[in-house]
$ cat start.cif   # mmCIF, C-alpha atoms and all ligand atoms
data_work
#
loop_
_atom_site.label_atom_id
_atom_site.label_comp_id
_atom_site.auth_asym_id
_atom_site.auth_seq_id
_atom_site.Cartn_x
_atom_site.Cartn_y
_atom_site.Cartn_z
CA MET A 1 0.00 0.00 0.00
CA ILE A 2 1.30 3.28 -1.03
CA LYS A 3 0.68 6.12 1.31
CA SER A 4 1.13 9.57 0.09
CA LEU A 5 3.67 11.42 2.11
CA PRO A 6 2.13 14.13 4.19
CA SER A 7 3.59 17.46 3.36
CA HIS A 8 6.17 18.35 5.86
CA PRO A 9 4.88 21.06 8.13
CA ASP A 10 8.25 22.64 8.39
CA ARG A 11 8.91 22.64 4.71
CA VAL A 12 9.55 26.14 3.51
CA SER A 13 10.40 27.42 0.13
CA PRO A 14 14.05 28.18 -0.26
CA ALA A 15 14.92 31.74 0.83
CA LYS A 16 15.20 34.15 -2.03
CA PRO A 17 18.36 36.19 -2.04
CA GLN A 18 17.87 39.73 -0.57
CA ARG A 19 17.80 42.26 -3.37
CA GLY A 20 18.15 46.09 -3.42
CA PHE A 21 17.89 48.62 -6.22
CA SER A 22 20.60 48.94 -8.73
CA LEU A 23 22.15 52.31 -9.41
CA ILE A 24 20.52 52.35 -12.83
CA GLU A 25 17.06 51.71 -11.34
CA ILE A 26 17.51 54.60 -8.91
CA ALA A 27 18.74 56.87 -11.69
CA VAL A 28 15.74 56.02 -13.88
CA THR A 29 13.33 56.58 -10.96
CA LEU A 30 14.90 59.95 -10.14
CA PHE A 31 14.76 60.93 -13.79
CA ILE A 32 11.02 60.14 -14.00
CA LEU A 33 10.38 61.95 -10.69
CA THR A 34 12.18 65.01 -12.03
CA LEU A 35 10.00 64.98 -15.13
CA VAL A 36 6.79 64.62 -13.09
CA LEU A 37 7.80 67.35 -10.61
CA GLY A 38 8.90 69.63 -13.42
CA ALA A 39 5.55 69.23 -15.12
CA LEU A 40 3.80 70.05 -11.83
CA LEU A 41 6.01 72.99 -10.84
CA MET A 42 6.13 74.85 -14.15
CA PRO A 43 2.39 75.55 -14.23
CA LEU A 44 2.67 76.50 -10.54
CA ALA A 45 5.13 79.30 -11.41
CA THR A 46 2.76 80.42 -14.14
CA GLN A 47 -0.13 80.31 -11.69
CA VAL A 48 1.76 82.45 -9.19
CA GLU A 49 2.49 85.07 -11.85
CA GLU A 50 -1.11 84.96 -13.03
CA ARG A 51 -2.25 85.65 -9.45
CA GLN A 52 0.24 88.54 -9.15
CA VAL A 53 -1.11 90.07 -12.36
CA ARG A 54 -4.75 89.77 -11.15
CA GLU A 55 -3.78 91.30 -7.80
CA THR A 56 -1.90 94.15 -9.56
CA GLU A 57 -5.02 94.89 -11.63
CA ARG A 58 -7.05 95.01 -8.42
CA ILE A 59 -4.54 97.39 -6.80
CA ILE A 60 -4.55 99.71 -9.84
CA ASN A 61 -8.35 99.73 -9.93
CA GLU A 62 -8.25 100.79 -6.28
CA MET A 63 -5.85 103.59 -7.28
CA MET A 64 -8.41 104.70 -9.88
CA GLU A 65 -10.99 104.93 -7.11
CA ALA A 66 -8.49 106.97 -5.08
CA LEU A 67 -8.02 109.33 -8.05
CA VAL A 68 -11.77 109.89 -8.33
CA GLY A 69 -12.07 110.37 -4.56
CA TYR A 70 -9.19 112.85 -4.62
CA ALA A 71 -10.85 114.85 -7.43
CA ILE A 72 -14.11 114.97 -5.46
CA SER A 73 -12.31 116.04 -2.28
CA GLN A 74 -10.75 119.15 -3.89
CA THR A 75 -12.49 122.51 -3.62
CA THR A 76 -11.92 122.87 -7.36
CA PRO A 77 -12.10 119.29 -8.67
CA ARG A 78 -8.94 118.01 -10.34
CA LEU A 79 -6.76 114.92 -10.47
CA PRO A 80 -3.46 114.92 -8.56
CA CYS A 81 -0.26 115.68 -10.48
CA PRO A 82 2.27 112.87 -11.04
CA ASP A 83 5.24 112.62 -8.70
CA LEU A 84 8.42 113.45 -10.65
CA ALA A 85 10.51 110.35 -11.43
CA SER A 86 13.65 112.47 -11.97
CA GLY A 87 14.78 116.10 -11.74
CA GLY A 88 13.10 118.59 -9.41
CA THR A 89 14.75 121.14 -7.13
CA GLY A 90 14.06 119.30 -3.89
CA ALA A 91 11.59 121.99 -2.81
CA ALA A 92 8.09 121.20 -1.58
CA ASN A 93 6.05 119.72 -4.46
CA ASP A 94 9.19 119.66 -6.60
CA THR A 95 10.98 116.54 -5.33
CA ALA A 96 11.38 113.39 -7.41
CA ASN A 97 10.39 109.96 -6.11
CA ASP A 98 8.93 111.06 -2.77
CA GLY A 99 5.36 110.03 -3.62
CA ILE A 100 4.08 113.61 -3.36
CA GLU A 101 2.53 115.32 -6.40
CA ASP A 102 4.71 117.96 -8.05
CA TYR A 103 3.46 121.25 -9.49
CA ASN A 104 4.23 124.92 -9.93
CA PRO A 105 2.20 126.85 -7.35
CA ALA A 106 2.47 130.09 -9.39
CA THR A 107 1.06 128.68 -12.63
CA GLY A 108 -1.04 125.84 -11.20
CA VAL A 109 0.51 123.45 -13.75
CA CYS A 110 1.96 119.99 -12.96
CA ALA A 111 5.74 119.56 -13.17
CA THR A 112 5.21 116.59 -15.52
CA THR A 113 2.42 114.66 -17.24
CA ASP A 114 4.34 111.36 -16.95
CA GLY A 115 5.73 110.29 -13.58
CA ASN A 116 5.01 108.07 -10.59
CA ILE A 117 1.61 107.60 -9.04
CA PRO A 118 1.77 110.10 -6.12
CA TRP A 119 1.39 107.24 -3.65
CA ALA A 120 1.90 109.34 -0.54
CA THR A 121 -0.56 112.01 -1.69
CA LEU A 122 -3.18 109.32 -2.40
CA GLY A 123 -2.31 106.82 0.34
CA VAL A 124 -1.86 103.85 -2.01
CA ASN A 125 0.85 101.25 -2.79
CA ALA A 126 4.25 102.72 -3.72
CA THR A 127 5.60 99.73 -5.66
CA ASP A 128 4.26 96.72 -7.52
CA PHE A 129 4.99 93.00 -6.89
CA TRP A 130 8.30 93.38 -8.68
CA GLY A 131 9.54 96.33 -6.59
CA ASN A 132 8.94 98.98 -9.26
CA ARG A 133 6.87 102.17 -9.10
CA TYR A 134 3.52 102.49 -10.77
CA ARG A 135 3.71 104.87 -13.73
CA TYR A 136 1.02 107.56 -13.87
CA LEU A 137 0.16 109.72 -16.87
CA ALA A 138 -2.30 112.55 -16.30
CA MET A 139 -3.32 115.30 -18.72
CA ALA A 140 -3.13 118.99 -17.83
CA ALA A 141 -6.83 119.67 -18.59
CA PHE A 142 -7.67 117.41 -15.64
CA THR A 143 -4.81 118.24 -13.26
CA ASN A 144 -4.45 122.04 -13.47
CA ARG A 145 -5.25 123.91 -10.32
CA SER A 146 -6.24 127.54 -10.09
CA PRO A 147 -5.07 129.93 -11.56
CA ALA A 148 -4.64 127.75 -14.69
CA THR A 149 -7.73 126.54 -16.56
CA VAL A 150 -9.46 124.04 -14.32
CA MET A 151 -11.42 120.90 -15.13
CA SER A 152 -14.85 121.17 -16.69
CA LEU A 153 -17.21 118.92 -18.63
CA SER A 154 -15.54 120.15 -21.83
CA SER A 155 -12.06 119.05 -20.67
CA ALA A 156 -12.48 115.71 -22.48
CA SER A 157 -12.85 117.45 -25.86
CA GLY A 158 -9.14 118.22 -26.08
CA THR A 159 -6.40 115.85 -27.15
CA LEU A 160 -5.85 113.42 -24.32
CA ILE A 161 -4.09 110.09 -23.81
CA LYS A 162 -4.49 107.47 -26.55
CA VAL A 163 -4.52 103.81 -25.54
CA CYS A 164 -3.45 101.81 -28.62
CA ALA A 165 -3.70 98.07 -29.37
CA ALA A 166 -0.02 97.91 -30.40
CA ALA A 167 3.00 100.20 -30.77
CA PRO A 168 1.62 103.03 -32.95
CA THR A 169 3.25 104.74 -35.93
CA SER A 170 1.62 108.11 -35.15
CA ALA A 171 0.33 110.05 -32.14
CA THR A 172 -3.19 108.88 -33.07
CA CYS A 173 -2.66 105.08 -32.88
CA GLY A 174 -1.48 104.98 -36.52
CA GLY A 175 -0.94 101.47 -37.91
CA THR A 176 -3.09 99.93 -35.17
CA THR A 177 -6.45 100.52 -33.47
CA TYR A 178 -7.71 102.46 -30.47
CA VAL A 179 -8.38 100.58 -27.27
CA ALA A 180 -9.47 103.87 -25.71
CA ASP A 181 -9.37 107.37 -27.19
CA ASN A 182 -8.91 110.52 -25.12
CA VAL A 183 -8.60 109.38 -21.53
CA PRO A 184 -7.45 111.79 -18.80
CA ALA A 185 -5.23 109.40 -16.81
CA VAL A 186 -3.46 106.03 -17.12
CA ILE A 187 -1.67 103.90 -14.52
CA ILE A 188 0.89 101.32 -15.66
CA SER A 189 2.73 98.52 -13.89
CA HIS A 190 5.67 97.55 -16.09
CA GLY A 191 5.16 93.92 -15.08
CA ARG A 192 7.63 91.22 -14.20
CA ASN A 193 10.24 92.16 -16.83
CA GLY A 194 10.13 95.78 -15.54
CA TYR A 195 11.46 97.35 -18.77
CA GLY A 196 11.31 101.15 -18.45
CA ALA A 197 10.05 101.16 -14.85
CA ILE A 198 11.45 103.31 -12.05
CA ASN A 199 12.90 100.89 -9.51
CA GLY A 200 11.53 101.53 -6.03
CA SER A 201 14.91 101.01 -4.29
CA SER A 202 17.34 102.78 -6.61
CA ASN A 203 14.90 105.42 -7.98
CA THR A 204 16.48 104.87 -11.41
CA GLN A 205 14.83 103.78 -14.61
CA ILE A 206 15.34 100.18 -15.72
CA SER A 207 16.74 100.12 -19.27
CA THR A 208 14.39 99.33 -22.15
CA ALA A 209 17.20 97.61 -24.07
CA GLY A 210 15.70 94.35 -25.32
CA ALA A 211 12.09 95.42 -24.75
CA SER A 212 9.48 95.16 -27.51
CA ASN A 213 8.29 98.38 -29.21
CA HIS A 214 4.97 97.96 -27.38
CA GLU A 215 6.66 98.13 -23.97
CA ILE A 216 9.05 100.88 -25.07
CA GLU A 217 5.99 103.01 -25.95
CA ASN A 218 4.74 102.58 -22.36
CA ALA A 219 8.09 103.81 -21.04
CA GLY A 220 7.80 107.10 -22.95
CA GLY A 221 8.56 105.85 -26.44
CA ASN A 222 7.87 107.87 -29.59
CA TYR A 223 4.63 109.49 -28.44
CA PRO A 224 4.40 110.96 -24.91
CA ASN A 225 0.60 110.77 -24.80
CA SER A 226 0.24 107.30 -26.34
CA VAL A 227 0.39 104.00 -24.46
CA VAL A 228 -0.18 100.36 -25.45
CA SER A 229 -2.56 97.85 -23.90
CA LYS A 230 -2.51 94.33 -25.30
CA THR A 231 -2.63 90.72 -24.19
CA ARG A 232 0.42 89.23 -22.54
CA SER A 233 2.97 87.73 -24.93
CA ASP A 234 6.27 85.88 -24.64
CA ALA A 235 6.84 85.78 -28.40
CA THR A 236 10.33 86.93 -29.41
CA GLY A 237 10.31 90.65 -30.19
CA GLN A 238 6.68 90.94 -29.05
CA GLU A 239 7.13 90.45 -25.29
CA PHE A 240 4.47 92.27 -23.33
CA ASP A 241 3.65 91.92 -19.65
CA ASP A 242 2.65 95.51 -18.79
CA ILE A 243 -0.57 96.02 -16.83
CA VAL A 244 -2.32 99.13 -18.14
CA VAL A 245 -5.49 100.65 -16.65
CA TRP A 246 -7.06 103.96 -17.67
CA LEU A 247 -9.63 106.30 -16.23
CA SER A 248 -12.67 106.98 -18.40
CA PRO A 249 -13.48 110.72 -18.45
CA ASN A 250 -17.16 109.77 -18.41
CA VAL A 251 -16.84 107.78 -15.20
CA LEU A 252 -14.99 110.71 -13.64
CA PHE A 253 -17.60 113.26 -14.83
CA ASN A 254 -20.43 111.04 -13.65
CA ARG A 255 -18.93 110.80 -10.17
CA LEU A 256 -18.14 114.54 -9.99
CA VAL A 257 -21.63 115.55 -11.10
CA THR A 258 -23.18 113.09 -8.61
CA ALA A 259 -21.07 114.70 -5.89
CA ASN A 260 -22.21 118.19 -7.01
CA LYS A 261 -18.64 119.10 -7.92
CA LEU A 262 -19.35 119.79 -11.58
CA PRO A 263 -22.36 121.56 -13.07
CA CA B 1 7.27 114.62 -5.63
CA CA B 2 6.85 94.98 -19.06
CA CA B 3 4.29 106.69 -25.06
#
$ encode --input "start.cif" --output "C-alpha cells"
Amino acid sequence: MIKSLPSHPDRVSPAKPQRGFSLIEIAVTLFILTLVLGALLMPLATQVEERQVRETERIINEMMEALVGYAISQTTPRLPCPDLASGGTGAANDTANDGIEDYNPATGVCATTDGNIPWATLGVNATDFWGNRYRYLAMAAFTNRSPATVMSLSSASGTLIKVCAAAPTSATCGGTTYVADNVPAVIISHGRNGYGAINGSSNTQISTAGASNHEIENAGGNYPNSVVSKTRSDATGQEFDDIVVWLSPNVLFNRLVTANKLP
C-alpha cells in the first residue's frame, strides 16, 4: 500500500536572495520623478504670476478709485499731479520719487504729465509686486489747479491720452487701433520684466534695451501721450507683460456731477 507522504509542516520554500535597487534603477526613478515634478512645478510658477497680475489689476483699480475720490475732495475738482521720477529742485512739491505730487504753485501746472503715481498724496501702494513704481500719466486739462484753466465737462474734448492696441506709428494710434481714445489718466505697472520702470529702491529707470516696441511706448517711447494695452505675450520681439489701466473721463464726470462738484 502506497501512502502519500504528508507534506512536511516545516517545509519552507528556499529563501530568495535579498535584493536592493541597482544604481541604474535609482537613476531612472529619479529621472522620471524630475520629469513629473517639473511638469507640476512649471504651471505653478505660471499660476503664481497669473495671481500677481490679477492682484496688480485690483490694486490699480483701487488707485483709480483713489483718483476719483481725490478729485471729489478738492475745492476745485482736479486729479493729482504725477510725482516726478527724476529732476526737481528738492523743494516742496518739486521733489522726485517722494510720492508727493509735483506742481508749480504760481502757474497751477503739474511739473510733468508722466511720472510716478503720487502714492503718498493718495495713500496707495508705492511699488508693484516686482519692486517697481507704478507709472502715472495725467493730462493737464484734468490736473491744473487755479489759476490755470481748471477741469470742466468740456475738458475731455481736447487731445488726451491714446490707448493703442499695439506700438503706434503716429500720435493717433497709426498702424493699429484704439483701445481707448482721449482718456485723462493712465496707470501702468511695467510687469515682471520691468522694462522702463522706475525701480523703487534705486529710484532709477530700468533700461528698455531688449524690450518690444509695445513696452518701449509705455516707457515714454515715440509718443508721450500714447500707451499700449494688449494681451500678454512671450513671443520673441513681441514680449508684453505691462498692466495698463485707464480712467474713463465719463466715469470721472459722472462721479463729480453726482457729488455736485461739476455743473
Ligand atoms: Ca514729488
Ligand atoms: Ca513689461
Ligand atoms: Ca508713449
$ closest_atom_pairs --input "start.cif" --of "chain A" --to "ligand CA 1 (chain B)" --cutoff "7 Å" --atoms "only C-alpha atoms and all ligand atoms" --output "CSV"
residue,atom,partner,partner_atom,distance
A:Asp83,CA,B:CA1,CA,4.2
A:Leu84,CA,B:CA1,CA,5.3
A:Asn93,CA,B:CA1,CA,5.4
A:Asp94,CA,B:CA1,CA,5.5
A:Thr95,CA,B:CA1,CA,4.2
A:Ala96,CA,B:CA1,CA,4.6
A:Asn97,CA,B:CA1,CA,5.6
A:Asp98,CA,B:CA1,CA,4.9
A:Gly99,CA,B:CA1,CA,5.4
A:Ile100,CA,B:CA1,CA,4.0
A:Glu101,CA,B:CA1,CA,4.9
A:Asp102,CA,B:CA1,CA,4.9
$ residues_near_ligand --input "start.cif" --ligand "ligand CA 3 (chain B)" --cutoff "6 Å" --atoms "all atoms listed in the file" --output "ChimeraX atom specification"
/A:217-218,220-227
$ closest_residue --input "start.cif" --among "A:Arg232, A:Arg51, A:His190, A:Lys261" --to "ligand CA 2 (chain B)" --atoms "only C-alpha atoms and all ligand atoms"
A:His190
$ residues_near_ligand --input "start.cif" --ligand "ligand CA 2 (chain B)" --cutoff "8 Å" --atoms "all atoms listed in the file" --output "NGL selection string"
:A and (189-196 or 211 or 215 or 239-243)
$ closest_residue --input "start.cif" --among "A:Ala92, A:Ser212, A:Gly123, A:Leu252" --to "Ala66 of chain A" --atoms "only C-alpha atoms"
A:Gly123
$ atom_distance --input "start.cif" --atom1 "atom CA of Ser229 of chain A" --atom2 "atom CA of Phe253 of chain A"
23.4 Å
$ atom_distance --input "start.cif" --atom1 "atom CA of Leu122 of chain A" --atom2 "atom CA of Thr76 of chain A"
16.9 Å
$ axis_aligned_box --input "start.cif" --around "segment 64-72 of chain A" --padding-each-side "4 Å" --output "AutoDock Vina command-line options"
--center_x -11.1 --center_y 109.8 --center_z -7.2 --size_x 14.1 --size_y 18.3 --size_z 13.3
